[in-house]
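Chemist: What follows is input_27.pdb, made up of PDB, C-alpha atoms:
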ATOM      1  CA  MET L  43     182.951  12.985 129.899
ATOM      2  CA  LYS L  44     184.158   9.704 128.321
ATOM      3  CA  GLN L  45     181.193   7.926 129.882
ATOM      4  CA  ILE L  46     178.769  10.427 128.310
ATOM      5  CA  GLU L  47     180.444  10.103 124.877
ATOM      6  CA  SER L  48     180.229   6.315 125.095
ATOM      7  CA  LYS L  49     176.494   6.503 125.813
ATOM      8  CA  ILE L  50     175.935   8.844 122.850
ATOM      9  CA  ILE L  51     177.889   6.571 120.490
ATOM     10  CA  TYR L  52     175.950   3.555 121.786
ATOM     11  CA  ARG L  53     172.620   5.257 121.126
ATOM     12  CA  ILE L  54     173.687   6.254 117.602
ATOM     13  CA  VAL L  55     174.772   2.695 116.821
ATOM     14  CA  ILE L  56     171.484   1.252 118.148
ATOM     15  CA  SER L  57     169.465   3.791 116.142
ATOM     16  CA  CYS L  58     171.367   2.979 112.946
ATOM     17  CA  LEU L  59     170.869  -0.740 113.481
ATOM     18  CA  GLY L  60     167.159  -0.150 114.013
ATOM     19  CA  VAL L  61     166.883   1.788 110.759
ATOM     20  CA  ILE L  62     168.795  -0.913 108.859
ATOM     21  CA  ILE L  63     166.597  -3.671 110.306
ATOM     22  CA  LEU L  64     163.432  -1.698 109.470
ATOM     23  CA  MET L  65     164.623  -1.095 105.895
ATOM     24  CA  PHE L  66     165.467  -4.747 105.456
ATOM     25  CA  SER L  67     162.098  -5.841 106.834
ATOM     26  CA  SER L  68     160.235  -3.417 104.564
ATOM     27  CA  CYS L  69     162.105  -4.595 101.484
ATOM     28  CA  GLN L  70     161.443  -8.213 102.363
ATOM     29  CA  THR L  71     157.724  -7.561 102.886
ATOM     30  CA  ASP L  72     157.494  -5.665  99.577
ATOM     31  CA  GLU L  73     159.272  -8.493  97.764
ATOM     32  CA  GLU L  74     156.951 -11.065  99.309
ATOM     33  CA  TYR L  75     153.915  -8.997  98.300
ATOM     34  CA  VAL L  76     155.160  -8.575  94.735
ATOM     35  CA  GLU L  77     155.815 -12.309  94.500
ATOM     36  CA  TRP L  78     152.300 -13.050  95.832
ATOM     37  CA  ASN L  79     150.561 -10.422  93.729
ATOM     38  CA  GLU L  80     152.212 -11.010  90.373
ATOM     39  CA  HIS L  81     153.263 -14.616  90.255
ATOM     40  CA  ILE L  82     151.058 -16.999  92.248
ATOM     41  CA  THR L  83     147.395 -17.774  92.829
ATOM     42  CA  PRO L  84     146.319 -20.106  95.661
ATOM     43  CA  VAL L  85     143.881 -22.723  94.313
ATOM     44  CA  CYS L  86     141.637 -25.248  96.099
ATOM     45  CA  PRO L  87     139.149 -27.790  94.671
ATOM     46  CA  ALA L  88     135.811 -28.400  96.399
ATOM     47  CA  PHE L  89     132.574 -30.321  95.863
ATOM     48  CA  VAL L  90     129.453 -28.212  96.450
ATOM     49  CA  TYR L  91     127.091 -31.177  96.112
ATOM     50  CA  MET L  92     127.541 -34.942  95.956
ATOM     51  CA  ALA L  93     124.758 -37.402  95.157
ATOM     52  CA  ASP L  94     126.982 -40.047  96.806
ATOM     53  CA  ASN L  95     128.623 -38.270  99.707
ATOM     54  CA  THR L  96     130.640 -41.359 100.655
ATOM     55  CA  ALA L  97     132.705 -41.024  97.475
ATOM     56  CA  ARG L  98     136.226 -39.636  97.595
ATOM     57  CA  TYR L  99     138.185 -38.042  94.788
ATOM     58  CA  ALA L 100     141.711 -37.113  93.826
ATOM     59  CA  VAL L 101     142.024 -33.893  91.829
ATOM     60  CA  GLU L 102     144.874 -32.887  89.506
ATOM     61  CA  TYR L 103     145.339 -29.555  87.761
ATOM     62  CA  ALA L 104     148.289 -28.316  85.714
ATOM     63  CA  GLY L 105     150.014 -31.611  86.446
ATOM     64  CA  ILE L 106     149.792 -30.955  90.206
ATOM     65  CA  GLN L 107     147.796 -33.045  92.644
ATOM     66  CA  LEU L 108     145.558 -30.529  94.420
ATOM     67  CA  ALA L 109     143.833 -33.085  96.669
ATOM     68  CA  ASP L 110     144.381 -36.767  97.298
ATOM     69  CA  SER L 111     141.014 -37.543  98.920
ATOM     70  CA  LEU L 112     138.560 -34.715  98.549
ATOM     71  CA  PRO L 113     135.607 -34.755 100.973
ATOM     72  CA  TYR L 114     132.180 -33.185 100.809
ATOM     73  CA  TRP L 115     131.374 -29.488 101.243
ATOM     74  CA  SER L 116     128.455 -29.046 103.640
ATOM     75  CA  PRO L 117     125.871 -26.385 102.699
ATOM     76  CA  ARG L 118     124.531 -26.592 106.260
ATOM     77  CA  THR L 119     127.738 -25.361 107.846
ATOM     78  CA  SER L 120     128.984 -23.474 104.772
ATOM     79  CA  ARG L 121     132.463 -24.849 105.443
ATOM     80  CA  LEU L 122     135.026 -26.243 103.077
ATOM     81  CA  THR L 123     137.294 -28.971 104.433
ATOM     82  CA  PHE L 124     140.336 -29.982 102.433
ATOM     83  CA  THR L 125     142.665 -32.925 102.804
ATOM     84  CA  ALA L 126     145.482 -31.043 101.103
ATOM     85  CA  ASP L 127     146.940 -27.573 101.469
ATOM     86  CA  ARG L 128     146.267 -24.946  98.843
ATOM     87  CA  SER L 129     148.438 -25.211  95.780
ATOM     88  CA  TYR L 130     150.110 -22.050  94.509
ATOM     89  CA  LEU L 131     150.046 -21.683  90.730
ATOM     90  CA  ARG L 132     151.824 -19.248  88.423
ATOM     91  CA  PRO L 133     150.080 -17.422  85.541
ATOM     92  CA  SER L 134     151.314 -19.962  82.980
ATOM     93  CA  GLN L 135     149.499 -22.722  84.924
ATOM     94  CA  LEU L 136     146.084 -21.054  85.164
ATOM     95  CA  ASN L 137     144.830 -22.464  81.849
ATOM     96  CA  SER L 138     145.487 -26.172  82.175
ATOM     97  CA  ARG L 139     143.969 -29.645  82.137
ATOM     98  CA  LEU L 140     141.784 -30.707  85.067
ATOM     99  CA  ARG L 141     141.510 -34.386  85.977
ATOM    100  CA  VAL L 142     139.219 -35.805  88.659
ATOM    101  CA  TYR L 143     139.685 -39.434  89.750
ATOM    102  CA  ARG L 144     137.221 -41.404  91.847
ATOM    103  CA  LEU L 145     139.026 -43.501  94.437
ATOM    104  CA  GLU L 146     137.931 -47.127  94.240
ATOM    105  CA  GLU L 147     139.295 -50.270  95.903
ATOM    106  CA  GLU L 148     140.888 -51.304  92.626
ATOM    107  CA  GLY L 149     142.524 -47.903  92.172
ATOM    108  CA  ARG L 150     141.799 -44.496  90.664
ATOM    109  CA  VAL L 151     139.060 -44.191  88.014
ATOM    110  CA  LEU L 152     139.109 -41.115  85.783
ATOM    111  CA  GLU L 153     135.685 -39.413  85.928
ATOM    112  CA  LEU L 154     136.382 -35.966  84.480
ATOM    113  CA  GLU L 155     139.026 -34.535  82.181
ATOM    114  CA  GLU L 156     138.799 -31.105  80.550
ATOM    115  CA  GLU L 157     140.674 -27.901  79.899
ATOM    116  CA  LEU L 158     139.855 -25.278  82.501
ATOM    117  CA  SER L 159     140.822 -21.641  83.018
ATOM    118  CA  VAL L 160     141.240 -20.460  86.607
ATOM    119  CA  SER L 161     140.893 -16.805  87.580
ATOM    120  CA  PRO L 162     143.965 -15.253  89.192
ATOM    121  CA  ILE L 163     143.774 -13.519  92.558
ATOM    122  CA  VAL L 164     144.032  -9.791  91.847
ATOM    123  CA  VAL L 165     144.179  -8.402  95.395
ATOM    124  CA  PRO L 166     145.879 -11.027  97.546
ATOM    125  CA  ARG L 167     145.106 -11.541 101.222
ATOM    126  CA  SER L 168     145.928 -14.395 103.534
ATOM    127  CA  ASP L 169     142.306 -15.622 103.350
ATOM    128  CA  THR L 170     141.819 -15.376  99.576
ATOM    129  CA  TYR L 171     142.018 -18.235  97.111
ATOM    130  CA  THR L 172     140.384 -19.458  93.915
ATOM    131  CA  THR L 173     138.073 -22.464  94.204
ATOM    132  CA  ILE L 174     137.607 -25.059  91.488
ATOM    133  CA  GLY L 175     133.951 -25.905  92.160
ATOM    134  CA  LEU L 176     132.829 -29.465  91.403
ATOM    135  CA  ILE L 177     129.414 -31.115  91.563
ATOM    136  CA  GLN L 178     128.679 -34.838  91.530
ATOM    137  CA  LEU L 179     125.293 -35.851  90.117
ATOM    138  CA  SER L 180     124.010 -39.173  88.812
ATOM    139  CA  ALA L 181     125.344 -38.202  85.370
ATOM    140  CA  GLY L 182     128.850 -37.891  86.819
ATOM    141  CA  VAL L 183     131.220 -35.176  88.015
ATOM    142  CA  GLN L 184     130.955 -31.720  86.427
ATOM    143  CA  VAL L 185     132.750 -28.417  86.894
ATOM    144  CA  LEU L 186     130.428 -25.898  88.516
ATOM    145  CA  GLU L 187     130.848 -22.503  86.882
ATOM    146  CA  MET L 188     128.795 -19.812  88.598
ATOM    147  CA  ASN L 189     128.403 -17.264  85.821
ATOM    148  CA  SER L 190     127.176 -13.803  86.725
ATOM    149  CA  SER L 191     124.467 -12.033  84.745
ATOM    150  CA  GLY L 192     126.822  -9.334  83.475
ATOM    151  CA  ALA L 193     126.344  -5.654  84.235
ATOM    152  CA  ASP L 194     122.589  -5.776  84.913
ATOM    153  CA  SER L 195     122.443  -5.728  88.712
ATOM    154  CA  THR L 196     118.701  -6.494  88.830
ATOM    155  CA  VAL L 197     119.302  -9.954  87.316
ATOM    156  CA  THR L 198     120.335 -13.228  88.966
ATOM    157  CA  SER L 199     121.843 -16.116  86.967
ATOM    158  CA  LEU L 200     120.597 -19.503  88.191
ATOM    159  CA  LEU L 201     121.536 -23.162  87.752
ATOM    160  CA  PHE L 202     119.025 -25.914  88.613
ATOM    161  CA  PHE L 203     118.922 -29.688  89.046
ATOM    162  CA  TYR L 204     116.732 -32.403  90.557
ATOM    163  CA  ALA L 205     117.790 -35.869  91.644
ATOM    164  CA  ASP L 206     114.839 -37.673  93.277
ATOM    165  CA  ASP L 207     113.288 -40.553  91.271
ATOM    166  CA  ARG L 208     109.846 -39.766  92.746
ATOM    167  CA  GLN L 209     109.694 -36.341  91.117
ATOM    168  CA  ALA L 210     108.922 -37.327  87.519
ATOM    169  CA  PRO L 211     108.617 -41.139  87.263
ATOM    170  CA  GLY L 212     108.481 -42.323  83.678
ATOM    171  CA  ALA L 213     109.710 -39.006  82.232
ATOM    172  CA  ASP L 214     113.166 -38.960  80.664
ATOM    173  CA  SER L 215     113.197 -35.161  81.075
ATOM    174  CA  ILE L 216     110.890 -32.381  82.153
ATOM    175  CA  ARG L 217     109.898 -29.027  80.695
ATOM    176  CA  ILE L 218     110.010 -26.088  83.128
ATOM    177  CA  THR L 219     107.981 -22.956  82.375
ATOM    178  CA  VAL L 220     108.779 -19.915  84.528
ATOM    179  CA  LEU L 221     106.056 -17.285  85.017
ATOM    180  CA  ALA L 222     107.016 -13.793  86.212
ATOM    181  CA  VAL L 223     104.209 -12.096  88.148
ATOM    182  CA  ASP L 224     103.941  -8.524  89.393
ATOM    183  CA  GLN L 225     103.859  -8.944  93.167
ATOM    184  CA  TYR L 226     101.783  -5.832  93.892
ATOM    185  CA  THR L 227      99.059  -6.888  91.430
ATOM    186  CA  LEU L 228      99.056 -10.413  92.867
ATOM    187  CA  LEU L 229      98.538  -9.009  96.375
ATOM    188  CA  ILE L 230      95.585  -6.807  95.467
ATOM    189  CA  LYS L 231      94.043  -9.700  93.503
ATOM    190  CA  GLY L 232      93.955 -11.888  96.605
ATOM    191  CA  ASN L 233      97.006 -14.023  95.709
ATOM    192  CA  ARG L 234      95.081 -15.705  92.894
ATOM    193  CA  LEU L 235      96.934 -16.080  89.601
ATOM    194  CA  ASP L 236      93.676 -16.412  87.678
ATOM    195  CA  ASN L 237      92.726 -12.887  88.759
ATOM    196  CA  VAL L 238      96.011 -11.310  87.608
ATOM    197  CA  PRO L 239      95.676  -9.707  84.133
ATOM    198  CA  ASP L 240      97.894 -11.078  81.373
ATOM    199  CA  THR L 241      99.868  -7.815  81.283
ATOM    200  CA  MET L 242     101.044  -8.504  84.839
ATOM    201  CA  LYS L 243     102.152 -12.121  84.339
ATOM    202  CA  THR L 244     104.609 -13.233  81.664
ATOM    203  CA  VAL L 245     106.376 -16.466  80.725
ATOM    204  CA  THR L 246     110.041 -15.443  80.887
ATOM    205  CA  GLU L 247     111.869 -18.795  80.643
ATOM    206  CA  GLU L 248     111.212 -22.290  79.304
ATOM    207  CA  PHE L 249     113.847 -24.993  79.444
ATOM    208  CA  THR L 250     114.270 -28.768  79.490
ATOM    209  CA  LEU L 251     115.945 -30.525  82.388
ATOM    210  CA  ALA L 252     116.993 -34.175  82.749
ATOM    211  CA  PRO L 253     117.321 -35.858  86.174
ATOM    212  CA  GLY L 254     120.805 -35.719  87.637
ATOM    213  CA  LYS L 255     122.014 -33.021  85.227
ATOM    214  CA  LEU L 256     122.603 -29.300  85.564
ATOM    215  CA  SER L 257     120.480 -26.860  83.618
ATOM    216  CA  ASP L 258     121.896 -24.126  81.425
ATOM    217  CA  ASP L 259     122.104 -20.633  82.927
ATOM    218  CA  ILE L 260     118.634 -19.228  83.590
ATOM    219  CA  GLN L 261     118.377 -15.495  84.234
ATOM    220  CA  LEU L 262     115.602 -13.892  86.287
ATOM    221  CA  ASN L 263     115.085 -10.144  86.654
ATOM    222  CA  ALA L 264     113.816  -8.992  90.070
ATOM    223  CA  ASP L 265     112.772  -5.676  88.494
ATOM    224  CA  TYR L 266     110.924  -7.315  85.588
ATOM    225  CA  TYR L 267     107.912  -5.017  86.017
ATOM    226  CA  SER L 268     109.975  -1.860  86.335
ATOM    227  CA  GLY L 269     107.936   1.276  86.941
ATOM    228  CA  ILE L 270     104.697  -0.490  87.840
ATOM    229  CA  ASN L 271     105.832  -2.785  90.647
ATOM    230  CA  ARG L 272     105.509  -0.287  93.552
ATOM    231  CA  GLY L 273     109.076  -1.178  94.516
ATOM    232  CA  LEU L 274     108.283  -4.875  95.034
ATOM    233  CA  PRO L 275     110.362  -7.557  93.294
ATOM    234  CA  ALA L 276     108.670  -9.790  90.742
ATOM    235  CA  ARG L 277     107.678 -13.260  91.892
ATOM    236  CA  PHE L 278     108.529 -16.319  89.819
ATOM    237  CA  PHE L 279     106.259 -19.372  89.723
ATOM    238  CA  TYR L 280     106.840 -22.485  87.628
ATOM    239  CA  ARG L 281     104.987 -25.290  85.883
ATOM    240  CA  ILE L 282     106.492 -28.765  85.394
ATOM    241  CA  SER L 283     105.477 -30.953  82.446
ATOM    242  CA  ASP L 284     106.727 -34.094  80.731
ATOM    243  CA  ALA L 285     109.084 -32.877  77.981
ATOM    244  CA  SER L 286     108.124 -35.722  75.644
ATOM    245  CA  ASN L 287     104.326 -35.344  75.604
ATOM    246  CA  GLY L 288     103.497 -32.095  77.394
ATOM    247  CA  THR L 289     101.557 -33.737  80.247
ATOM    248  CA  VAL L 290     101.469 -31.355  83.207
ATOM    249  CA  ILE L 291     103.147 -32.907  86.272
ATOM    250  CA  GLN L 292     102.754 -29.860  88.504
ATOM    251  CA  ASP L 293     100.936 -26.642  87.632
ATOM    252  CA  TYR L 294     101.638 -23.151  88.985
ATOM    253  CA  LYS L 295     100.954 -23.099  92.736
ATOM    254  CA  VAL L 296     100.231 -19.966  94.786
ATOM    255  CA  GLY L 297      99.081 -21.353  98.110
ATOM    256  CA  SER L 298      98.193 -19.886 101.482
ATOM    257  CA  SER L 299     101.548 -20.916 102.963
ATOM    258  CA  ALA L 300     105.156 -21.304 101.881
ATOM    259  CA  SER L 301     104.845 -25.110 101.883
ATOM    260  CA  SER L 302     101.845 -25.037  99.530
ATOM    261  CA  THR L 303     103.391 -22.453  97.191
ATOM    262  CA  ALA L 304     105.877 -23.399  94.473
ATOM    263  CA  GLU L 305     108.087 -20.532  93.365
ATOM    264  CA  ILE L 306     111.687 -19.614  92.679
ATOM    265  CA  LYS L 307     112.591 -17.245  95.498
ATOM    266  CA  LEU L 308     115.293 -14.627  94.977
ATOM    267  CA  SER L 309     116.965 -12.811  97.859
ATOM    268  CA  ALA L 310     116.338  -9.162  97.050
ATOM    269  CA  VAL L 311     116.811  -5.731  98.621
ATOM    270  CA  LYS L 312     115.423  -2.320  97.663
ATOM    271  CA  ARG L 313     117.510   0.711  96.738
ATOM    272  CA  ASP L 314     115.835   3.886  95.494
ATOM    273  CA  ASN L 315     112.584   1.887  95.481
ATOM    274  CA  ILE L 316     114.011  -0.588  92.941
ATOM    275  CA  PRO L 317     114.380  -4.272  93.923
ATOM    276  CA  TYR L 318     117.863  -5.680  93.437
ATOM    277  CA  PRO L 319     118.922  -9.312  93.934
ATOM    278  CA  VAL L 320     121.544  -9.856  96.614
ATOM    279  CA  TYR L 321     123.566 -12.415  94.633
ATOM    280  CA  LYS L 322     124.824 -12.464  91.059
ATOM    281  CA  SER L 323     124.268 -16.227  90.770
ATOM    282  CA  SER L 324     122.963 -19.234  92.699
ATOM    283  CA  LEU L 325     122.832 -23.028  92.421
ATOM    284  CA  MET L 326     119.379 -24.398  93.279
ATOM    285  CA  GLN L 327     118.005 -27.905  93.793
ATOM    286  CA  TRP L 328     114.388 -28.975  93.340
ATOM    287  CA  LYS L 329     113.445 -31.475  96.057
ATOM    288  CA  TYR L 330     110.513 -33.856  96.437
ATOM    289  CA  GLN L 331     107.816 -32.710  98.869
ATOM    290  CA  SER L 332     104.699 -34.809  98.151
ATOM    291  CA  GLU L 333     102.697 -36.365  95.317
ATOM    292  CA  GLU L 334     100.794 -33.089  95.056
ATOM    293  CA  ILE L 335     103.992 -31.008  95.007
ATOM    294  CA  PRO L 336     106.798 -33.253  93.705
ATOM    295  CA  PHE L 337     108.854 -30.168  92.843
ATOM    296  CA  ALA L 338     108.886 -28.006  95.959
ATOM    297  CA  SER L 339     110.323 -24.493  95.840
ATOM    298  CA  PRO L 340     113.994 -25.007  94.918
ATOM    299  CA  GLU L 341     116.526 -24.651  97.710
ATOM    300  CA  VAL L 342     119.726 -22.648  97.370
ATOM    301  CA  LEU L 343     122.784 -24.858  97.757
ATOM    302  CA  ILE L 344     125.376 -22.197  97.095
ATOM    303  CA  ASN L 345     125.364 -18.500  96.228
ATOM    304  CA  GLY L 346     127.859 -16.772  93.995
ATOM    305  CA  ASP L 347     129.284 -13.300  94.495
ATOM    306  CA  LYS L 348     127.153 -10.513  95.931
ATOM    307  CA  TRP L 349     126.175  -7.539  93.796
ATOM    308  CA  VAL L 350     127.010  -5.217  96.690
ATOM    309  CA  GLU L 351     129.213  -6.221  99.598
TER     310      GLU L 351
END
Show this structure as structure tokens.

Modeler:
Amino acid sequence: MKQIESKIIYRIVISCLGVIILMFSSCQTDEEYVEWNEHITPVCPAFVYMADNTARYAVEYAGIQLADSLPYWSPRTSRLTFTADRSYLRPSQLNSRLRVYRLEEEGRVLELEEELSVSPIVVPRSDTYTTIGLIQLSAGVQVLEMNSSGADSTVTSLLFFYADDRQAPGADSIRITVLAVDQYTLLIKGNRLDNVPDTMKTVTEEFTLAPGKLSDDIQLNADYYSGINRGLPARFFYRISDASNGTVIQDYKVGSSASSTAEIKLSAVKRDNIPYPVYKSSLMQWKYQSEEIPFASPEVLINGDKWVE
């Protein structure tokens, strides 16, 4: 009998200890989650493009050194590699001064200094963090802010740049004219722009761009010809001219192949027979192809958030 009572008491004690341990673990996990959710945001800096990819940078934000020798982000592998761990910032630190120093033999040279607001992480996970995006062009280091196009999910917000001296020799800046064309009409007209009526092709954007500098936000609507596009997204062709005198450097090009066509290509999907862009924003680079096509169709270097995951 005593042996049976001892076993019962032992089991009760073990059960109570298990409950206490479980309660303690749950409280600790909840406290850690609350601390993560309400008080800190993990932040990492990264370069998305570098004209000189041998350069190295130190980055400071909110008086904290985020990276001591920041390397290049490769668009080919889509991987970010950091030389420093993520820094964890509290809400009071998320609107602070950013400083970027280029590392030279003689020491650190300040290349960028500005006030910057960082978005907090709302739903924390172990793999979530906020990135301070940086881009290095011939004009220097800039903060890359990928702005979305707001609530209109048929629109993509784009940033452009070009950096090859062969693209517009002698021109201090270029004028880019973007022509939206109804894709269905273009198809039935034999892919010839001259045959497309004026009602089915419209200049939607014109902007000036200097070499080695980012453009302002340019917004393109995949459903520009809503109701008459047969569910096909609009196509966007462009003309390049010298901004100072209007001389055409490259006219609109609709060729028989992708390499002989010059257009801004948006990734789009159809829902309810309406074309929607996949991404809210993208950074694109015009590259040199040939004397005939110095501004080939711009390549996407990085995409922003998706409209629909």

Chemist: How would you write, as number ranges by chain, the residues chosen by the PyMOL selection byres ((chain L and resi 316) around 12) on this structure?

Modeler: L: 195-196, 263-276, 310-315, 317-319

Chemist: Evaluate the PyMOL selection byres ((chain L and resi 294-304) around 8) against this structure - the residues, as a list in words, please.

Modeler: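 That selection, the PyMOL selection byres ((chain L and resi 294-304) around 8), comes back as Asn233, Arg234, Leu235, Phe279, Tyr280, Arg281, Gln292, Asp293, Glu305, Ile306, Ile335, Phe337, Ala338 and Ser339 of chain L.
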
Chemist: For the residues in that selection, give me C-alpha atoms as a PDB file, in the frame of the given file.

Modeler:
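selection.pdb, freshly written:
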ATOM      1  CA  ASN L 233      97.006 -14.023  95.709  1.00  0.00           C
ATOM      2  CA  ARG L 234      95.081 -15.705  92.894  1.00  0.00           C
ATOM      3  CA  LEU L 235      96.934 -16.080  89.601  1.00  0.00           C
ATOM      4  CA  PHE L 279     106.259 -19.372  89.723  1.00  0.00           C
ATOM      5  CA  TYR L 280     106.840 -22.485  87.628  1.00  0.00           C
ATOM      6  CA  ARG L 281     104.987 -25.290  85.883  1.00  0.00           C
ATOM      7  CA  GLN L 292     102.754 -29.860  88.504  1.00  0.00           C
ATOM      8  CA  ASP L 293     100.936 -26.642  87.632  1.00  0.00           C
ATOM      9  CA  GLU L 305     108.087 -20.532  93.365  1.00  0.00           C
ATOM     10  CA  ILE L 306     111.687 -19.614  92.679  1.00  0.00           C
ATOM     11  CA  ILE L 335     103.992 -31.008  95.007  1.00  0.00           C
ATOM     12  CA  PHE L 337     108.854 -30.168  92.843  1.00  0.00           C
ATOM     13  CA  ALA L 338     108.886 -28.006  95.959  1.00  0.00           C
ATOM     14  CA  SER L 339     110.323 -24.493  95.840  1.00  0.00           C
TER      15      SER L 339
END

Chemist: What does the PyMOL selection byres ((chain L and resi 96) around 12) select in this file, as an MDAnalysis selection string?

Modeler: chainID L and resid 91:95 97:99 111:115 144:146 178

Chemist: Quick one: distance from CA of Gly212 (chain L) to CA of Gln327 (chain L) in Å, one decimal?

Modeler: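 CA of Gly212 (chain L) sits 20.0 Å away from CA of Gln327 (chain L).
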
Chemist: Can you measure CA of Ala252 (chain L) to CA of Asn287 (chain L) for me? One decimal in Å is fine.

Modeler: 14.6 Å

Chemist: With only C-alpha atoms as the counted atoms, please give the residues lying no more than 10 Å from Ala205 (chain L), apart from itself and same-chain residues fewer than 4 positions off, as a list in words.

Modeler: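 Using only C-alpha atoms, the neighbours found are Ala93, Leu179, Ser180, Gln209, Ala210, Ala252, Pro253, Gly254, Lys255, Gln327, Trp328, Lys329 and Tyr330 of chain L.
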
Chemist: Could you work out how far CA of Gly175 (chain L) lies from CA of Asp347 (chain L), giving the answer in Å with one decimal?

Modeler: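 Calculated distance between CA of Asp347 (chain L) and CA of Gly175 (chain L) is 13.6 Å.
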
Chemist: Just give me the residues with any atom within 7 Å of (121.6, -15.2, 94.8), file coordinates, counting all atoms listed in the file, written as a ChimeraX atom specification.

Modeler: /L:198,308-309,319-324,345-346

Chemist: With all atoms listed in the file as the basis for distance, which of L:Asn237, L:Thr246, L:Gln107, L:Ser199 is at the shortest distance from Met326 (chain L)?

Modeler: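 Smallest distance to Met326 (chain L) is found for L:Ser199.
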
Chemist: Of the residues L:Arg150, L:Arg208, L:Arg139, L:Lys348, which is the one nearest to Gln331 (chain L), using only C-alpha atoms?

Modeler: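 Among the listed residues, L:Arg208 lies closest to Gln331 (chain L).
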
Chemist: First collect every listed atom of region 209-227 of chain L; then fit an axis-aligned box around them, widen it by 3 Å on each side, and give centre and edge lengths in Å to one decimal, as lines of an AutoDock Vina configuration file.

Modeler:
center_x = 106.1
center_y = -24.1
center_z = 87.3
size_x = 20.1
size_y = 42.5
size_z = 19.2

Chemist: So, counting only C-alpha atoms, which residue among L:Gln184, L:Thr227, L:Thr250, L:Thr170 is closest to Gly288 (chain L)?

Modeler: L:Thr250

Chemist: Let me make sure I understand: among L:Val290, L:Val85, L:Val197, L:Leu140, which one has the smallest atom-to-atom distance to Asp169 (chain L) if we use all atoms listed in the file?

Modeler: L:Val85

Chemist: Show me, as a PDB file with C-alpha atoms, in the coordinates of the input, the residues that have an atom within 7 Å of Val101 (chain L) when counting all atoms listed in the file, minus same-chain residues fewer than 4 positions from it.

Modeler:
ATOM      1  CA  GLN L 107     147.796 -33.045  92.644  1.00  0.00           C
ATOM      2  CA  LEU L 108     145.558 -30.529  94.420  1.00  0.00           C
ATOM      3  CA  ALA L 109     143.833 -33.085  96.669  1.00  0.00           C
ATOM      4  CA  ASP L 110     144.381 -36.767  97.298  1.00  0.00           C
ATOM      5  CA  ARG L 141     141.510 -34.386  85.977  1.00  0.00           C
ATOM      6  CA  VAL L 142     139.219 -35.805  88.659  1.00  0.00           C
ATOM      7  CA  TYR L 143     139.685 -39.434  89.750  1.00  0.00           C
TER       8      TYR L 143
END

Chemist: List every protein, DNA or RNA residue that has an atom no more than 7 Å from (130.8, -23.9, 88.8) in the file's coordinate frame, counting only C-alpha atoms, and report them as a ChimeraX atom specification.

Modeler: /L:175-176,185-188

Chemist: Please produce a file of those selected residues containing C-alpha atoms, as a PDB file, in the coordinates of the input.

Modeler:
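What follows is the written file again-v2.pdb:
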ATOM      1  CA  GLY L 175     133.951 -25.905  92.160  1.00  0.00           C
ATOM      2  CA  LEU L 176     132.829 -29.465  91.403  1.00  0.00           C
ATOM      3  CA  VAL L 185     132.750 -28.417  86.894  1.00  0.00           C
ATOM      4  CA  LEU L 186     130.428 -25.898  88.516  1.00  0.00           C
ATOM      5  CA  GLU L 187     130.848 -22.503  86.882  1.00  0.00           C
ATOM      6  CA  MET L 188     128.795 -19.812  88.598  1.00  0.00           C
TER       7      MET L 188
END

Chemist: Between L:Glu333, L:Pro133, L:Thr219, L:Ala104, which has the minimum distance to Leu158 (chain L) (counting all atoms listed in the file)?

Modeler: L:Ala104
